[in-house]
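Trainee: This is target_17.cif (mmCIF, C-alpha atoms).
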```cif
data_upload
#
loop_
_atom_site.label_atom_id
_atom_site.label_comp_id
_atom_site.auth_asym_id
_atom_site.auth_seq_id
_atom_site.Cartn_x
_atom_site.Cartn_y
_atom_site.Cartn_z
CA MET A 1 37.81 -159.61 118.09
CA PRO A 2 41.11 -160.76 116.58
CA LYS A 3 41.71 -159.85 112.96
CA ASN A 4 40.68 -162.54 110.45
CA SER A 5 39.39 -164.76 113.26
CA LYS A 6 37.68 -167.83 111.85
CA SER A 7 35.41 -167.94 114.90
CA LYS A 8 33.64 -164.68 114.05
CA THR A 9 30.05 -165.83 114.05
CA SER A 10 26.95 -164.37 115.58
CA SER A 11 23.33 -165.36 115.74
CA GLN A 12 22.34 -161.71 116.03
CA ALA A 13 23.18 -159.14 113.38
CA ARG A 14 25.48 -156.35 114.55
CA PRO A 15 25.12 -152.70 113.49
CA VAL A 16 27.31 -151.68 110.55
CA TYR A 17 28.64 -148.19 109.94
CA LEU A 18 29.90 -146.19 107.00
CA VAL A 19 33.01 -144.64 108.50
CA ASP A 20 34.29 -142.60 105.57
CA GLY A 21 34.41 -142.60 101.80
CA ALA A 22 35.85 -140.92 98.76
CA ARG A 23 35.45 -140.94 95.01
CA THR A 24 37.33 -139.65 92.03
CA PRO A 25 35.81 -137.06 89.74
CA PHE A 26 33.73 -138.82 87.13
CA LEU A 27 35.47 -138.16 83.82
CA LYS A 28 33.54 -138.26 80.58
CA ALA A 29 34.83 -140.73 77.99
CA PRO A 30 36.89 -138.68 75.51
CA GLY A 31 36.13 -140.80 72.43
CA ALA A 32 39.36 -142.71 72.99
CA PRO A 33 40.82 -144.66 75.92
CA GLY A 34 40.82 -142.38 78.97
CA LEU A 35 43.88 -141.27 80.88
CA PHE A 36 43.32 -143.61 83.81
CA SER A 37 42.97 -147.36 84.10
CA ALA A 38 40.38 -148.81 86.45
CA THR A 39 43.11 -149.59 88.97
CA GLN A 40 44.47 -146.05 88.83
CA LEU A 41 40.98 -144.67 89.38
CA ALA A 42 40.35 -146.98 92.33
CA LEU A 43 43.64 -146.03 93.95
CA GLY A 44 42.83 -142.38 93.26
CA ALA A 45 39.85 -142.77 95.58
CA THR A 46 41.36 -145.25 98.03
CA LYS A 47 44.79 -143.82 98.84
CA PRO A 48 43.63 -140.35 99.99
CA LEU A 49 40.86 -142.03 101.96
CA MET A 50 43.36 -144.25 103.79
CA LEU A 51 45.79 -141.41 104.47
CA ARG A 52 43.29 -139.71 106.76
CA GLN A 53 42.51 -142.84 108.81
CA PRO A 54 44.02 -143.70 112.21
CA PHE A 55 44.72 -147.26 111.04
CA GLU A 56 46.73 -148.93 108.29
CA ALA A 57 45.44 -150.68 105.17
CA SER A 58 46.73 -153.94 106.66
CA ASP A 59 44.25 -153.51 109.53
CA LEU A 60 41.36 -154.06 107.13
CA ASP A 61 39.81 -157.52 107.04
CA GLU A 62 39.08 -157.49 103.32
CA VAL A 63 38.70 -155.42 100.16
CA ILE A 64 35.54 -155.93 98.08
CA TYR A 65 35.17 -154.04 94.84
CA GLY A 66 32.63 -154.03 92.04
CA CYS A 67 33.76 -153.78 88.44
CA MET A 68 32.07 -154.56 85.13
CA MET A 69 34.91 -154.11 82.67
CA PRO A 70 38.35 -154.76 84.14
CA SER A 71 41.21 -154.86 81.68
CA GLU A 72 43.25 -157.93 80.82
CA ASP A 73 45.71 -156.90 83.57
CA GLU A 74 43.02 -156.47 86.23
CA ALA A 75 41.61 -159.92 86.88
CA ASN A 76 40.16 -159.80 90.41
CA ILE A 77 40.80 -156.07 90.45
CA ALA A 78 39.94 -155.92 94.16
CA ARG A 79 43.09 -157.91 94.94
CA VAL A 80 45.16 -155.61 92.72
CA ILE A 81 43.76 -152.63 94.62
CA ALA A 82 44.40 -154.27 98.00
CA LEU A 83 48.04 -154.91 97.19
CA ARG A 84 48.72 -151.55 95.56
CA MET A 85 47.10 -149.61 98.38
CA GLY A 86 49.63 -151.14 100.75
CA GLY A 87 47.43 -153.73 102.41
CA GLY A 88 50.11 -156.40 102.35
CA ASP A 89 50.03 -160.00 101.18
CA LYS A 90 47.65 -161.18 103.88
CA LEU A 91 44.82 -158.75 103.01
CA THR A 92 42.28 -160.80 101.08
CA ALA A 93 40.08 -159.36 98.35
CA PHE A 94 37.44 -160.30 95.83
CA THR A 95 35.59 -158.64 92.98
CA VAL A 96 31.82 -158.69 92.46
CA GLN A 97 29.72 -158.04 89.37
CA ARG A 98 26.02 -157.21 89.33
CA ASN A 99 26.01 -154.94 86.28
CA CYS A 100 24.98 -151.38 87.24
CA ALA A 101 24.75 -152.28 90.94
CA SER A 102 28.22 -153.81 91.27
CA GLY A 103 29.34 -151.07 93.67
CA MET A 104 26.25 -151.52 95.82
CA GLN A 105 26.78 -155.30 95.74
CA ALA A 106 30.29 -154.78 97.13
CA ILE A 107 28.89 -152.70 100.00
CA ASP A 108 26.14 -155.27 100.57
CA ASN A 109 28.72 -158.05 100.88
CA ALA A 110 30.70 -155.95 103.34
CA VAL A 111 27.63 -155.10 105.42
CA ARG A 112 26.48 -158.70 105.62
CA ASN A 113 29.94 -160.02 106.53
CA ILE A 114 30.37 -157.46 109.28
CA SER A 115 26.82 -157.73 110.60
CA HIS A 116 27.21 -161.49 111.11
CA GLY A 117 30.62 -161.24 112.72
CA TYR A 118 32.85 -162.48 109.91
CA ALA A 119 34.77 -159.21 109.69
CA ASP A 120 35.14 -155.89 111.50
CA MET A 121 36.38 -153.50 108.85
CA ILE A 122 36.17 -153.72 105.05
CA MET A 123 37.05 -151.46 102.14
CA ALA A 124 34.17 -151.67 99.66
CA GLY A 125 33.47 -149.79 96.47
CA GLY A 126 33.36 -149.91 92.72
CA VAL A 127 35.11 -148.74 89.61
CA ASP A 128 34.94 -148.76 85.83
CA ALA A 129 37.03 -147.15 83.15
CA MET A 130 34.31 -147.37 80.53
CA SER A 131 36.38 -145.49 77.98
CA ARG A 132 38.81 -148.41 78.06
CA ALA A 133 36.21 -151.10 77.39
CA PRO A 134 37.92 -153.55 75.04
CA LEU A 135 37.39 -154.25 71.37
CA LEU A 136 36.93 -157.99 70.85
CA LEU A 137 37.62 -160.32 67.96
CA ARG A 138 34.68 -161.85 66.10
CA GLN A 139 34.25 -165.61 66.51
CA ASP A 140 35.01 -166.25 62.86
CA MET A 141 38.31 -164.37 63.30
CA VAL A 142 39.07 -166.41 66.42
CA HIS A 143 38.44 -169.64 64.47
CA TRP A 144 40.60 -168.41 61.59
CA LEU A 145 43.47 -167.63 63.97
CA ALA A 146 43.13 -171.09 65.50
CA ASN A 147 43.40 -172.68 62.05
CA TRP A 148 46.33 -170.41 61.19
CA ASN A 149 48.10 -171.55 64.34
CA LYS A 150 47.56 -175.18 63.35
CA ALA A 151 49.00 -174.61 59.89
CA LYS A 152 52.66 -175.66 60.06
CA SER A 153 53.82 -175.83 56.45
CA ALA A 154 54.08 -172.91 54.03
CA GLY A 155 51.39 -174.49 51.85
CA ALA A 156 49.00 -174.83 54.76
CA LYS A 157 49.52 -171.22 55.73
CA ILE A 158 48.90 -170.03 52.16
CA LYS A 159 45.70 -172.08 52.12
CA ALA A 160 44.64 -170.55 55.44
CA LEU A 161 45.34 -167.04 54.13
CA GLY A 162 42.99 -167.73 51.26
CA LYS A 163 40.17 -168.22 53.74
CA LEU A 164 40.74 -164.93 55.55
CA LYS A 165 37.92 -162.48 54.82
CA GLY A 166 37.86 -158.73 55.33
CA ARG A 167 34.72 -158.85 57.46
CA TYR A 168 36.59 -160.92 60.03
CA PHE A 169 38.48 -157.76 61.04
CA ALA A 170 35.35 -155.88 62.16
CA PRO A 171 35.65 -155.73 65.97
CA ILE A 172 32.99 -156.36 68.57
CA ILE A 173 32.60 -153.24 70.70
CA ALA A 174 32.38 -154.73 74.18
CA LEU A 175 30.69 -151.68 75.68
CA LEU A 176 27.81 -151.75 73.20
CA ARG A 177 27.44 -155.51 73.48
CA GLY A 178 27.56 -155.32 77.27
CA LEU A 179 24.75 -152.76 77.31
CA THR A 180 22.50 -155.06 75.29
CA ASP A 181 20.43 -157.68 77.06
CA PRO A 182 21.13 -161.09 75.49
CA VAL A 183 17.78 -162.54 76.55
CA VAL A 184 15.37 -159.96 75.16
CA GLY A 185 17.77 -158.52 72.56
CA LEU A 186 17.25 -154.89 73.61
CA ASN A 187 19.91 -152.38 74.52
CA MET A 188 19.38 -150.34 77.66
CA GLY A 189 18.17 -147.30 75.74
CA GLN A 190 15.46 -149.33 74.09
CA THR A 191 14.24 -150.52 77.49
CA ALA A 192 13.99 -146.87 78.50
CA GLU A 193 11.88 -146.24 75.39
CA ASN A 194 9.57 -149.02 76.60
CA LEU A 195 9.05 -147.19 79.89
CA ALA A 196 8.48 -143.84 78.21
CA TYR A 197 5.72 -145.49 76.17
CA LYS A 198 4.28 -147.44 79.11
CA PHE A 199 3.94 -144.37 81.34
CA ASN A 200 3.33 -141.82 78.59
CA ILE A 201 6.42 -139.78 79.43
CA SER A 202 6.96 -137.07 76.83
CA ARG A 203 10.25 -136.05 75.26
CA GLU A 204 9.85 -132.61 76.83
CA GLN A 205 9.41 -134.09 80.31
CA MET A 206 12.53 -136.20 79.85
CA ASP A 207 14.54 -133.22 78.65
CA GLU A 208 13.30 -131.09 81.54
CA TYR A 209 14.46 -133.75 83.99
CA ALA A 210 17.87 -133.95 82.28
CA VAL A 211 18.36 -130.19 82.49
CA GLN A 212 17.40 -130.29 86.17
CA SER A 213 20.10 -132.91 86.78
CA HIS A 214 22.77 -130.66 85.28
CA LEU A 215 21.62 -127.54 87.08
CA ARG A 216 21.43 -129.33 90.41
CA LEU A 217 24.96 -130.64 89.96
CA VAL A 218 26.18 -127.13 89.10
CA ALA A 219 24.53 -125.79 92.26
CA ALA A 220 26.11 -128.57 94.32
CA MET A 221 29.53 -127.78 92.89
CA GLU A 222 29.16 -124.09 93.65
CA ALA A 223 27.97 -124.83 97.19
CA GLY A 224 30.84 -127.23 97.88
CA SER A 225 28.41 -130.09 98.45
CA LEU A 226 30.54 -132.77 96.77
CA GLU A 227 33.05 -133.13 99.57
CA GLU A 228 33.57 -136.80 98.82
CA ILE A 229 35.56 -136.03 95.64
CA GLU A 230 39.35 -136.44 95.75
CA ALA A 231 41.49 -134.94 93.01
CA ILE A 232 43.34 -137.31 90.71
CA TYR A 233 46.48 -136.52 88.69
CA ASP A 234 47.68 -137.83 85.34
CA ASP A 235 51.28 -138.66 84.47
CA SER A 236 52.00 -135.05 83.48
CA GLY A 237 50.76 -133.74 86.81
CA LYS A 238 47.48 -132.36 85.46
CA MET A 239 44.83 -132.29 88.14
CA PHE A 240 41.23 -133.43 87.75
CA ASP A 241 39.10 -132.37 90.69
CA ALA A 242 35.53 -132.11 89.37
CA ASP A 243 33.03 -134.10 87.33
CA ASP A 244 33.61 -132.90 83.78
CA GLY A 245 30.42 -134.04 82.04
CA VAL A 246 28.23 -131.36 83.59
CA ARG A 247 26.78 -128.72 81.28
CA PRO A 248 26.17 -125.45 83.18
CA ASP A 249 24.46 -123.95 80.13
CA SER A 250 22.08 -126.88 79.62
CA SER A 251 18.57 -125.93 78.55
CA VAL A 252 15.51 -127.71 77.20
CA GLU A 253 15.74 -125.63 74.02
CA LYS A 254 19.30 -126.79 73.35
CA ILE A 255 18.87 -130.48 74.00
CA ALA A 256 15.53 -130.60 72.17
CA LYS A 257 17.55 -130.35 68.96
CA LEU A 258 19.09 -133.78 69.47
CA LYS A 259 17.59 -136.69 67.58
CA PRO A 260 16.53 -139.98 69.19
CA PHE A 261 19.46 -142.35 69.47
CA PHE A 262 18.05 -145.74 70.40
CA ASP A 263 14.78 -145.82 68.47
CA LYS A 264 15.29 -143.85 65.28
CA PRO A 265 13.48 -141.78 64.19
CA TYR A 266 10.42 -141.95 66.43
CA GLY A 267 11.85 -142.46 69.91
CA LYS A 268 12.33 -140.01 72.76
CA VAL A 269 15.56 -141.13 74.42
CA THR A 270 18.63 -139.14 73.37
CA PRO A 271 22.22 -138.91 74.64
CA ALA A 272 21.22 -135.75 76.52
CA ASN A 273 18.51 -137.40 78.60
CA SER A 274 20.62 -140.51 79.22
CA SER A 275 23.55 -141.14 81.55
CA GLN A 276 27.01 -140.45 80.21
CA ILE A 277 29.75 -142.98 79.42
CA THR A 278 32.22 -142.17 82.15
CA ASP A 279 35.29 -143.30 84.08
CA GLY A 280 35.33 -143.19 87.88
CA ALA A 281 35.76 -144.97 91.22
CA THR A 282 34.25 -144.84 94.70
CA SER A 283 35.65 -146.32 97.92
CA LEU A 284 33.99 -146.69 101.32
CA ILE A 285 35.22 -147.92 104.69
CA VAL A 286 32.57 -150.04 106.38
CA ALA A 287 33.03 -151.05 110.00
CA SER A 288 31.53 -152.75 113.02
CA GLU A 289 30.86 -151.04 116.33
CA ASP A 290 33.91 -152.82 117.76
CA ALA A 291 36.17 -151.30 115.09
CA VAL A 292 34.60 -147.86 115.57
CA LYS A 293 35.42 -147.98 119.26
CA LYS A 294 38.87 -149.49 118.81
CA TYR A 295 40.07 -146.79 116.41
CA LYS A 296 37.90 -143.95 117.82
CA LEU A 297 36.18 -143.45 114.45
CA SER A 298 33.35 -141.05 113.70
CA PRO A 299 30.84 -142.78 111.39
CA ILE A 300 28.80 -140.72 108.98
CA ALA A 301 25.95 -143.22 108.54
CA LYS A 302 24.54 -146.59 109.48
CA LEU A 303 24.09 -149.12 106.67
CA SER A 304 21.73 -152.05 106.27
CA PRO A 305 21.90 -154.98 103.84
CA ALA A 306 20.62 -154.21 100.35
CA GLN A 307 17.38 -155.65 99.04
CA TRP A 308 17.27 -157.05 95.51
CA ALA A 309 14.37 -157.62 93.13
CA GLY A 310 13.92 -159.14 89.68
CA LEU A 311 11.63 -158.14 86.82
CA ASP A 312 11.20 -158.34 83.04
CA PRO A 313 14.55 -157.39 81.42
CA ALA A 314 12.64 -155.41 78.78
CA GLN A 315 11.53 -153.07 81.59
CA MET A 316 14.71 -153.23 83.66
CA GLY A 317 14.54 -149.50 84.45
CA LEU A 318 11.69 -150.15 86.88
CA GLY A 319 14.02 -152.19 89.07
CA PRO A 320 14.29 -149.43 91.71
CA ALA A 321 10.52 -149.39 92.22
CA HIS A 322 10.56 -153.13 92.95
CA ALA A 323 13.63 -153.00 95.18
CA ILE A 324 12.45 -149.92 97.08
CA VAL A 325 9.23 -151.71 98.02
CA GLU A 326 11.29 -154.66 99.28
CA THR A 327 13.43 -152.32 101.38
CA LEU A 328 10.40 -150.61 102.89
CA LYS A 329 8.85 -153.99 103.73
CA PHE A 330 12.05 -155.33 105.26
CA HIS A 331 12.44 -152.32 107.56
CA HIS A 332 8.71 -151.88 108.27
CA LEU A 333 8.74 -148.40 106.78
CA ILE A 334 6.50 -146.37 104.50
CA MET A 335 7.51 -143.84 101.86
CA GLU A 336 6.85 -140.93 104.21
CA ASN A 337 9.54 -142.22 106.59
CA ILE A 338 12.24 -141.56 103.99
CA ASP A 339 13.77 -138.08 103.98
CA TYR A 340 15.98 -138.25 100.87
CA TRP A 341 16.29 -140.49 97.84
CA GLU A 342 19.03 -141.36 95.37
CA ILE A 343 17.92 -143.25 92.26
CA ASN A 344 20.69 -143.68 89.73
CA GLU A 345 19.85 -141.82 86.55
CA ALA A 346 20.47 -144.38 83.86
CA PHE A 347 17.89 -142.50 81.82
CA ALA A 348 15.52 -139.65 82.62
CA ALA A 349 12.56 -141.79 81.54
CA GLN A 350 13.71 -144.61 83.80
CA VAL A 351 13.77 -142.47 86.96
CA GLN A 352 10.50 -140.79 86.04
CA ALA A 353 8.87 -144.16 85.39
CA CYS A 354 9.93 -145.42 88.82
CA VAL A 355 8.41 -142.37 90.50
CA LEU A 356 5.19 -142.87 88.55
CA ALA A 357 5.06 -146.63 89.15
CA LEU A 358 5.38 -146.26 92.93
CA ASN A 359 2.44 -143.86 92.91
CA ASP A 360 0.29 -145.91 90.51
CA THR A 361 -2.36 -148.06 92.18
CA GLU A 362 -2.64 -150.61 89.36
CA TYR A 363 1.11 -151.07 88.97
CA CYS A 364 1.58 -151.44 92.70
CA LYS A 365 -1.21 -154.01 92.93
CA ASN A 366 -0.37 -156.01 89.82
CA GLU A 367 3.43 -155.87 89.82
CA LEU A 368 4.53 -155.06 93.35
CA GLY A 369 1.99 -157.06 95.33
CA LEU A 370 0.66 -154.10 97.30
CA LEU A 371 -2.91 -153.30 98.25
CA LYS A 372 -2.55 -149.70 97.10
CA GLU A 373 0.05 -147.32 95.73
CA ALA A 374 3.33 -147.17 97.66
CA GLY A 375 3.38 -143.38 97.56
CA LYS A 376 5.01 -140.45 95.85
CA ILE A 377 8.69 -139.54 95.99
CA PRO A 378 8.92 -135.73 96.32
CA MET A 379 11.04 -134.44 93.44
CA ASP A 380 12.73 -131.93 95.74
CA LYS A 381 14.01 -134.87 97.82
CA LEU A 382 15.22 -136.98 94.90
CA ASN A 383 18.77 -136.69 93.54
CA VAL A 384 19.05 -133.26 95.13
CA ASP A 385 22.59 -132.68 93.85
CA GLY A 386 22.02 -134.05 90.35
CA GLY A 387 22.74 -137.52 89.10
CA ALA A 388 24.25 -139.70 86.40
CA ILE A 389 22.74 -137.71 83.53
CA ALA A 390 24.98 -134.83 84.60
CA LEU A 391 27.97 -136.57 86.19
CA GLY A 392 28.02 -139.93 84.45
CA HIS A 393 27.52 -143.60 85.21
CA PRO A 394 30.75 -145.63 85.48
CA VAL A 395 28.80 -148.84 85.82
CA GLY A 396 30.84 -150.52 88.54
CA SER A 397 31.06 -147.37 90.65
CA SER A 398 27.58 -145.84 90.61
CA GLY A 399 26.05 -148.07 93.28
CA ALA A 400 28.77 -147.09 95.73
CA ARG A 401 28.59 -143.42 94.75
CA ILE A 402 24.90 -143.02 95.48
CA VAL A 403 25.23 -144.68 98.90
CA LEU A 404 28.17 -142.46 99.84
CA HIS A 405 26.57 -139.27 98.57
CA LEU A 406 23.24 -140.03 100.23
CA ALA A 407 25.05 -140.38 103.56
CA HIS A 408 26.53 -136.91 103.06
CA VAL A 409 23.14 -135.47 102.12
CA LEU A 410 21.55 -136.86 105.29
CA LYS A 411 24.33 -135.37 107.40
CA ARG A 412 24.17 -132.00 105.63
CA GLU A 413 20.40 -131.73 105.91
CA ASN A 414 20.22 -133.11 109.46
CA ALA A 415 17.90 -135.83 108.13
CA LYS A 416 17.36 -139.35 109.44
CA LYS A 417 16.73 -141.84 106.65
CA GLY A 418 17.45 -142.21 102.96
CA ILE A 419 17.19 -144.88 100.29
CA ALA A 420 19.67 -145.38 97.46
CA SER A 421 18.55 -147.49 94.51
CA LEU A 422 19.53 -148.53 90.98
CA CYS A 423 18.10 -150.30 87.99
CA ILE A 424 20.24 -153.18 86.79
CA GLY A 425 20.71 -154.42 83.26
CA GLY A 426 19.18 -157.88 82.89
CA GLY A 427 16.05 -156.97 84.81
CA GLN A 428 16.91 -156.36 88.47
CA GLY A 429 16.80 -153.59 91.03
CA GLY A 430 18.85 -152.91 94.12
CA SER A 431 18.03 -150.71 97.09
CA MET A 432 19.75 -149.87 100.39
CA LEU A 433 18.58 -148.03 103.49
CA VAL A 434 21.05 -145.42 104.76
CA GLU A 435 20.49 -143.92 108.21
CA ALA A 436 22.03 -140.98 110.03
CA VAL A 437 24.06 -141.59 113.19
#
```
Go ahead and express the file in the form of structure tokens.
Mentor:
Amino acid sequence: MPKNSKSKTSSQARPVYLVDGARTPFLKAPGAPGLFSATQLALGATKPLMLRQPFEASDLDEVIYGCMMPSEDEANIARVIALRMGGGDKLTAFTVQRNCASGMQAIDNAVRNISHGYADMIMAGGVDAMSRAPLLLRQDMVHWLANWNKAKSAGAKIKALGKLKGRYFAPIIALLRGLTDPVVGLNMGQTAENLAYKFNISREQMDEYAVQSHLRLVAAMEAGSLEEIEAIYDDSGKMFDADDGVRPDSSVEKIAKLKPFFDKPYGKVTPANSSQITDGATSLIVASEDAVKKYKLSPIAKLSPAQWAGLDPAQMGLGPAHAIVETLKFHHLIMENIDYWEINEAFAAQVQACVLALNDTEYCKNELGLLKEAGKIPMDKLNVDGGAIALGHPVGSSGARIVLHLAHVLKRENAKKGIASLCIGGGQGGSMLVEAV
């Protein structure tokens, strides 16, 4: 098919393949703006990925990227990435935003466009430099500045100065505001507390899960099982080639000393059993069978469109349970057909609640519309190389990361099928079937 052909339509969906992918190390927010902008992170994943391909960036049909918090210089960051990766002026691009699942949404858009014949090869992924989330002006400060700008005479400006109050200077922290649901008024940690209460998940159980995440990531690092990571370099030439939030010495005894953060003093959710605030990017090349044959590519997985589900925002962490059921229904599968699972670890309690919900008869009947429980996810098949509690959750990137890593797990373990899923702030869940080729 000719590139960018407007006649690319098909009444029958075509198979879609994950050809290759890469991500940066996920770098823990240092308490100040990080070394890399979102664009730099995205290019840190994209450029090495493109260098090993037998085609040029200009051969892509589109770039689709997810991002929650682009900077003021990164409006439609996907287009910025497309141009700076050398795609040329004609390479179109657009940015998507579905909170925590923005990276998966980008892949979903790519899969659907290719499957229906509108494209043959797309760069899809996600990025966020969470450490660079902006500080915003309060509305009363914005109004004061507007009045100051209207004041033309010296007298008017003196009068305006008299109305300036010290509290106007207190900034709005965009990251904290963005992680608070505006409808139910709860931050994401408080929604995790709701799930811990609902499913009677103890603080010790949450801490045990968090420690497991760290130790699994350490084991994966030592085994060389994170082959998708590409090193990134700062302006001084310093190299970053590994996720730096992992704690090899993590133990239940150590993290038990931390106090609850979101529901003081009686809660159970702490920074240690929650995902980390992190900077990172993930890029994937998604292609049709025609493109695979044309460029003699070797796909690592077959991808299907994502399934999405909505639920009460106050229990948003259960989104994966809802979306997983939709994915199983869509593909006429049962839990036992799935070999490996990736559920993004926003919070330990959130992942644990999803596992419990899927195996709970009443929840499955009342909330998921099933006749019985969906089944149990084996813990030795879930997040086998650790997850966001250990390596972080750059919101725009995580959905792409879990899809890419799951594909590598299936290949490594000679397995057939996996499901990647995330909870989504605002009360949604996303889930995608990944199959070996």
Trainee: Would you kindly identify which residues have an atom no farther than 6 Å from (45.7, -156.0, 104.8), using only C-alpha atoms and the file's own coordinates, and write them out as a PyMOL selection string?
Mentor: chain A and resi 57-60+87-88+90-91
Trainee: Write the residues of the preceding selection, restricted to C-alpha atoms, as a PDB file, keeping the file's coordinate frame.
Mentor:
```
ATOM      1  CA  ALA A  57      45.440-150.680 105.170  1.00  0.00           C
ATOM      2  CA  SER A  58      46.730-153.940 106.660  1.00  0.00           C
ATOM      3  CA  ASP A  59      44.250-153.510 109.530  1.00  0.00           C
ATOM      4  CA  LEU A  60      41.360-154.060 107.130  1.00  0.00           C
ATOM      5  CA  GLY A  87      47.430-153.730 102.410  1.00  0.00           C
ATOM      6  CA  GLY A  88      50.110-156.400 102.350  1.00  0.00           C
ATOM      7  CA  LYS A  90      47.650-161.180 103.880  1.00  0.00           C
ATOM      8  CA  LEU A  91      44.820-158.750 103.010  1.00  0.00           C
TER       9      LEU A  91
END
```
Trainee: Would you mind listing what lies within 12 Å of Thr95 of chain A as a PDB file with C-alpha atoms, in the frame of the given file, with all atoms listed in the file counted and same-chain residues fewer than 6 positions away left out?
Mentor:
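Writing done, so here's selection-v5.pdb:
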```pdb
ATOM      1  CA  GLU A  62      39.080-157.490 103.320  1.00  0.00           C
ATOM      2  CA  VAL A  63      38.700-155.420 100.160  1.00  0.00           C
ATOM      3  CA  ILE A  64      35.540-155.930  98.080  1.00  0.00           C
ATOM      4  CA  TYR A  65      35.170-154.040  94.840  1.00  0.00           C
ATOM      5  CA  GLY A  66      32.630-154.030  92.040  1.00  0.00           C
ATOM      6  CA  CYS A  67      33.760-153.780  88.440  1.00  0.00           C
ATOM      7  CA  MET A  68      32.070-154.560  85.130  1.00  0.00           C
ATOM      8  CA  MET A  69      34.910-154.110  82.670  1.00  0.00           C
ATOM      9  CA  PRO A  70      38.350-154.760  84.140  1.00  0.00           C
ATOM     10  CA  GLU A  74      43.020-156.470  86.230  1.00  0.00           C
ATOM     11  CA  ALA A  75      41.610-159.920  86.880  1.00  0.00           C
ATOM     12  CA  ASN A  76      40.160-159.800  90.410  1.00  0.00           C
ATOM     13  CA  ILE A  77      40.800-156.070  90.450  1.00  0.00           C
ATOM     14  CA  ALA A  78      39.940-155.920  94.160  1.00  0.00           C
ATOM     15  CA  ARG A  79      43.090-157.910  94.940  1.00  0.00           C
ATOM     16  CA  VAL A  80      45.160-155.610  92.720  1.00  0.00           C
ATOM     17  CA  ILE A  81      43.760-152.630  94.620  1.00  0.00           C
ATOM     18  CA  ALA A  82      44.400-154.270  98.000  1.00  0.00           C
ATOM     19  CA  SER A 102      28.220-153.810  91.270  1.00  0.00           C
ATOM     20  CA  GLY A 103      29.340-151.070  93.670  1.00  0.00           C
ATOM     21  CA  GLN A 105      26.780-155.300  95.740  1.00  0.00           C
ATOM     22  CA  ALA A 106      30.290-154.780  97.130  1.00  0.00           C
ATOM     23  CA  ILE A 107      28.890-152.700 100.000  1.00  0.00           C
ATOM     24  CA  ASN A 109      28.720-158.050 100.880  1.00  0.00           C
ATOM     25  CA  ALA A 110      30.700-155.950 103.340  1.00  0.00           C
ATOM     26  CA  MET A 123      37.050-151.460 102.140  1.00  0.00           C
ATOM     27  CA  ALA A 124      34.170-151.670  99.660  1.00  0.00           C
ATOM     28  CA  GLY A 125      33.470-149.790  96.470  1.00  0.00           C
ATOM     29  CA  GLY A 126      33.360-149.910  92.720  1.00  0.00           C
ATOM     30  CA  VAL A 127      35.110-148.740  89.610  1.00  0.00           C
ATOM     31  CA  GLY A 396      30.840-150.520  88.540  1.00  0.00           C
TER      32      GLY A 396
END
```
Trainee: If we count all atoms listed in the file and set the cut-off at 6 Å, which residues sit around segment 252-266 of chain A, ignoring sequence neighbours fewer than 2 positions away in its own chain? Please answer as a short mmCIF file (atom, residue, chain, number, x, y, z; two decimals) with C-alpha atoms, in the frame of the given file.
Mentor:
```cif
data_model
loop_
_atom_site.label_atom_id
_atom_site.label_comp_id
_atom_site.auth_asym_id
_atom_site.auth_seq_id
_atom_site.Cartn_x
_atom_site.Cartn_y
_atom_site.Cartn_z
CA GLY A 189 18.17 -147.30 75.74
CA GLN A 190 15.46 -149.33 74.09
CA ASP A 207 14.54 -133.22 78.65
CA GLU A 208 13.30 -131.09 81.54
CA LYS A 268 12.33 -140.01 72.76
CA VAL A 269 15.56 -141.13 74.42
CA THR A 270 18.63 -139.14 73.37
#
```
Trainee: Given the choices A:Ala436, A:Ile173, A:Ala374, A:Ala45, which gets closest to Glu413 of chain A if the distance is worked out from only C-alpha atoms?
Mentor: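 So, comparing all the options, the nearest one is A:Ala436.
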Trainee: Using all atoms listed in the file, which residue out of A:Leu318, A:Ala242, A:Ile419, A:Val434 lies closest to Ala220 of chain A?
Mentor: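 Of the candidates, the smallest distance to Ala220 of chain A is held by A:Ala242.
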Trainee: Which residue gives the smallest distance to Ser274 of chain A among A:His116, A:Arg401, A:Arg132, A:His393, with all atoms listed in the file counted?
Mentor: A:His393
Trainee: Of the residues A:Ser202, A:Gln352, A:Gln212, A:Gln276, which is the one nearest to Gly31 of chain A, using only C-alpha atoms?
Mentor: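 So, comparing all the options, the nearest one is A:Gln276.
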Trainee: In Å, with one decimal, what is the gap from atom CA of Ala101 of chain A to atom CA of Gly319 of chain A?
Mentor: 10.9 Å
Trainee: Care to translate the PyMOL selection byres ((chain A and resi 339) around 9) into actual residues of this file, as JSON, numbers by chain?
Mentor: {"A": [335, 336, 337, 338, 340, 341, 381, 410, 415, 416, 417, 418, 419]}
Trainee: With all atoms listed in the file as the counted atoms, please give the residues lying no more than 7 Å from Leu358 of chain A, apart from itself and same-chain residues fewer than 2 positions off, as a short mmCIF file (atom, residue, chain, number, x, y, z; two decimals) with C-alpha atoms, in the frame of the given file.
Mentor:
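Listed below is the output, out_17.cif:
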```
data_model
loop_
_atom_site.label_atom_id
_atom_site.label_comp_id
_atom_site.auth_asym_id
_atom_site.auth_seq_id
_atom_site.Cartn_x
_atom_site.Cartn_y
_atom_site.Cartn_z
CA ALA A 321 10.52 -149.39 92.22
CA CYS A 354 9.93 -145.42 88.82
CA VAL A 355 8.41 -142.37 90.50
CA LEU A 356 5.19 -142.87 88.55
CA ASP A 360 0.29 -145.91 90.51
CA CYS A 364 1.58 -151.44 92.70
CA GLU A 373 0.05 -147.32 95.73
CA ALA A 374 3.33 -147.17 97.66
CA GLY A 375 3.38 -143.38 97.56
CA LYS A 376 5.01 -140.45 95.85
#
```
